[in-house]
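Trainee: Could you have a look at this structure, given as structure tokens, before my questions?
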Amino acid sequence: MAITKARKEELVAQYLELADQSNAIFMAEYSGMSVKGMEALRKVVREADGAFHVTKKTLLKIALEQSGKPIPTDLMDGQLAAGFALDEAPTLAKALVKFAKAEDALTLKGGIFNDEILSSDQVKALADMPSLPELRAQILGLINAPARNIATVIAGGIRQVVNVIDAYAKSEEAAEAA
């Protein structure tokens, strides 16, 4: 069934808006995926602050051209769907890679990140990166470690002085009792 010119323009505008808002766009083939599986995938993507749309390839190409993003023509085969990372790219990449491992009908083909075309292996590598909150926690841990070590060393030195004074006091008490 052919779609009208007005609907095509509406889809291009939707893809263009999503492309402009996205930090990354991930391409996937969903051949043979059930409606229930697609609904589950969209739920997972929404939880990762993204949007997942079955796309018309030519209309997506037009939207990518208009947004100034590179066009990954080699990734645009088969039944194409696009995941748009509206927040953090690694978070959506993790969600898609995890879902693709569980669902054989979904195949990650690659994507666009920082105006660079990514292969499926690069998307998987991006998925292995820690998220922003995890990175912040790691950095705080690195910043706090030297301070914690200094406090431990100082406390240990004070503890040794207290132990020496306590031992001296006990030896004096023992000497007076004798």
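Chain identifiers are assigned as A, B, and so on, following the order in which chains appear in the structure tokens; residues are numbered from 1 within each chain, and ligands are numbered from 1 in order of appearance.
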Taking the backbone alone, and naming residues the way the document does, which bits of range 4-170 of chain A are alpha helix (DSSP H) by DSSP, as a PyMOL selection string?

Mentor: chain A and resi 5-21+35-47+57-67+89-102+120-128+132-170

Trainee: When you look at Met38 in chain A with a cut-off of 12 Å (counting only C-alpha atoms), what residues show up, excluding the ones that are within fewer than 3 positions of it in the same chain? I need them as a short mmCIF file (atom, residue, chain, number, x, y, z; two decimals) with C-alpha atoms, in the first residue's frame.

Mentor:
data_model
loop_
_atom_site.label_atom_id
_atom_site.label_comp_id
_atom_site.auth_asym_id
_atom_site.auth_seq_id
_atom_site.Cartn_x
_atom_site.Cartn_y
_atom_site.Cartn_z
CA ALA A 28 18.70 -2.54 13.11
CA GLU A 29 17.03 -5.16 10.97
CA TYR A 30 13.94 -6.65 12.53
CA SER A 31 13.08 -9.35 10.00
CA GLY A 32 10.64 -11.89 11.43
CA MET A 33 10.03 -10.08 14.72
CA SER A 34 6.57 -10.49 16.19
CA VAL A 35 4.39 -7.55 17.20
CA LEU A 41 11.73 -3.68 22.28
CA ARG A 42 10.07 -0.28 22.20
CA LYS A 43 9.48 -0.51 25.95
CA VAL A 44 13.16 -1.30 26.56
CA VAL A 45 14.20 1.59 24.32
CA PHE A 52 12.55 3.18 18.19
CA HIS A 53 10.78 3.45 14.84
CA VAL A 54 10.33 1.19 11.87
CA ALA A 81 14.32 0.21 12.08
CA LEU A 96 19.66 -2.72 22.02
CA PHE A 99 17.71 -7.18 23.46
CA ALA A 100 19.38 -8.41 20.24
CA GLU A 103 15.78 -11.87 20.31
CA ALA A 105 14.92 -11.55 14.91
CA LEU A 106 16.73 -8.29 15.76
#

Trainee: Could you name the residues that touch Ala127 in chain A at 6 Å or less, counting only C-alpha atoms, but leaving out those on the same chain fewer than 6 positions away, as number ranges by chain?

Mentor: A: 90, 93-94

Trainee: Quick one: residues within 12 Å of Leu132 in chain A, only C-alpha atoms counted, chain neighbours fewer than 4 positions away excluded, as a ChimeraX atom specification?

Mentor: /A:87-91,136-139

Trainee: So which bits of chain A end up strand (DSSP E or B) when you DSSP the backbone, as a list of chain:residue names?

Mentor: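 Filtering chain A down to strand (DSSP E or B) leaves A:Ala24, A:Ile25, A:Phe26, A:Met27, A:Ala28, A:Glu29, A:Gly50, A:Ala51, A:Phe52, A:His53, A:Val54, A:Leu80, A:Ala81, A:Ala82, A:Gly83, A:Phe84, A:Ala85, A:Thr107, A:Leu108, A:Lys109, A:Gly110, A:Gly111, A:Ile112, A:Phe113, A:Glu116, A:Ile117, A:Leu118, A:Ser119.
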
Trainee: Grab the residues selected above and save them as a compact mmCIF listing (two decimals), in the first residue's frame with N, CA and C atoms.

Mentor:
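Below is the file again32.txt, written as the result:
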# COMPACT_ATOMS: atom_id res chain seq x y z
N ALA A 24 22.79 9.80 19.08
CA ALA A 24 23.21 8.71 18.20
C ALA A 24 21.96 8.09 17.58
N ILE A 25 22.16 7.46 16.44
CA ILE A 25 21.10 6.73 15.77
C ILE A 25 21.64 5.34 15.48
N PHE A 26 20.91 4.31 15.91
CA PHE A 26 21.33 2.93 15.70
C PHE A 26 20.39 2.26 14.71
N MET A 27 20.95 1.59 13.72
CA MET A 27 20.17 0.91 12.69
C MET A 27 20.09 -0.57 13.03
N ALA A 28 18.90 -1.14 12.83
CA ALA A 28 18.70 -2.54 13.11
C ALA A 28 17.75 -3.14 12.08
N GLU A 29 17.95 -4.43 11.83
CA GLU A 29 17.03 -5.16 10.97
C GLU A 29 16.16 -6.01 11.88
N GLY A 50 15.13 6.57 24.79
CA GLY A 50 15.28 6.58 23.35
C GLY A 50 13.94 6.42 22.66
N ALA A 51 13.99 6.38 21.35
CA ALA A 51 12.80 6.15 20.53
C ALA A 51 13.19 5.13 19.47
N PHE A 52 12.28 4.23 19.17
CA PHE A 52 12.55 3.18 18.19
C PHE A 52 11.42 3.17 17.17
N HIS A 53 11.79 3.35 15.90
CA HIS A 53 10.78 3.45 14.84
C HIS A 53 11.17 2.57 13.66
N VAL A 54 10.17 1.85 13.15
CA VAL A 54 10.33 1.19 11.87
C VAL A 54 10.33 2.32 10.84
N LEU A 80 14.29 -2.15 7.88
CA LEU A 80 15.10 -1.26 8.70
C LEU A 80 14.28 -0.59 9.80
N ALA A 81 14.88 -0.55 10.96
CA ALA A 81 14.32 0.21 12.08
C ALA A 81 15.47 1.04 12.64
N ALA A 82 15.13 2.16 13.25
CA ALA A 82 16.15 3.04 13.80
C ALA A 82 15.85 3.33 15.25
N GLY A 83 16.89 3.24 16.07
CA GLY A 83 16.80 3.62 17.48
C GLY A 83 17.48 4.96 17.65
N PHE A 84 16.76 5.91 18.19
CA PHE A 84 17.28 7.26 18.38
C PHE A 84 17.61 7.46 19.86
N ALA A 85 18.87 7.75 20.17
CA ALA A 85 19.32 7.97 21.54
C ALA A 85 19.03 9.42 21.92
N THR A 107 18.69 -7.70 14.49
CA THR A 107 20.11 -7.69 14.16
C THR A 107 20.59 -6.25 14.10
N LEU A 108 21.53 -5.90 14.97
CA LEU A 108 22.10 -4.55 14.93
C LEU A 108 23.06 -4.45 13.75
N LYS A 109 22.86 -3.43 12.95
CA LYS A 109 23.68 -3.27 11.75
C LYS A 109 24.77 -2.23 11.94
N GLY A 110 24.53 -1.24 12.80
CA GLY A 110 25.48 -0.17 13.02
C GLY A 110 24.76 1.08 13.43
N GLY A 111 25.37 2.22 13.17
CA GLY A 111 24.71 3.46 13.56
C GLY A 111 25.51 4.69 13.20
N ILE A 112 25.04 5.79 13.74
CA ILE A 112 25.69 7.09 13.55
C ILE A 112 25.89 7.69 14.93
N PHE A 113 27.13 8.06 15.24
CA PHE A 113 27.46 8.66 16.54
C PHE A 113 28.51 9.73 16.29
N GLU A 116 29.83 10.16 12.84
CA GLU A 116 30.65 9.06 12.33
C GLU A 116 29.74 7.84 12.16
N ILE A 117 29.97 7.09 11.10
CA ILE A 117 29.21 5.87 10.88
C ILE A 117 29.89 4.75 11.65
N LEU A 118 29.08 4.02 12.45
CA LEU A 118 29.60 2.93 13.27
C LEU A 118 29.19 1.58 12.69
N SER A 119 30.07 0.60 12.82
CA SER A 119 29.74 -0.77 12.45
C SER A 119 29.01 -1.42 13.63

Trainee: For a test of reading the model, state the distance in Å between CA of Tyr15 in chain A and CA of Ile3 in chain A, rounded to one decimal.

Mentor: 16.0 Å

Trainee: I'd like the neighbourhood of Ala13 in chain A as a short mmCIF file (atom, residue, chain, number, x, y, z; two decimals) with C-alpha atoms, in the first residue's frame, where a residue qualifies if any of its atoms comes within 10 Å (using only C-alpha atoms), though same-chain residues fewer than 3 positions away should be ignored.

Mentor:
data_model
loop_
_atom_site.label_atom_id
_atom_site.label_comp_id
_atom_site.auth_asym_id
_atom_site.auth_seq_id
_atom_site.Cartn_x
_atom_site.Cartn_y
_atom_site.Cartn_z
CA ARG A 7 2.31 11.28 5.00
CA LYS A 8 5.82 11.02 3.53
CA GLU A 9 6.50 14.66 4.40
CA GLU A 10 5.16 14.04 7.90
CA LEU A 16 14.39 14.93 11.07
CA GLU A 17 13.20 16.04 14.51
CA LEU A 18 14.38 12.76 16.08
CA ALA A 19 17.74 12.97 14.28
CA LEU A 59 12.57 8.91 3.88
CA LEU A 60 15.19 8.31 6.58
CA ILE A 62 16.19 12.39 3.20
CA ALA A 63 15.91 13.29 6.89
CA GLN A 66 18.54 17.50 5.83
#

Trainee: Using Å and a single decimal, report how far CA of Leu11 in chain A sits from CA of Pro70 in chain A.

Mentor: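 Taking CA of Pro70 in chain A and CA of Leu11 in chain A, their separation equals 18.8 Å.
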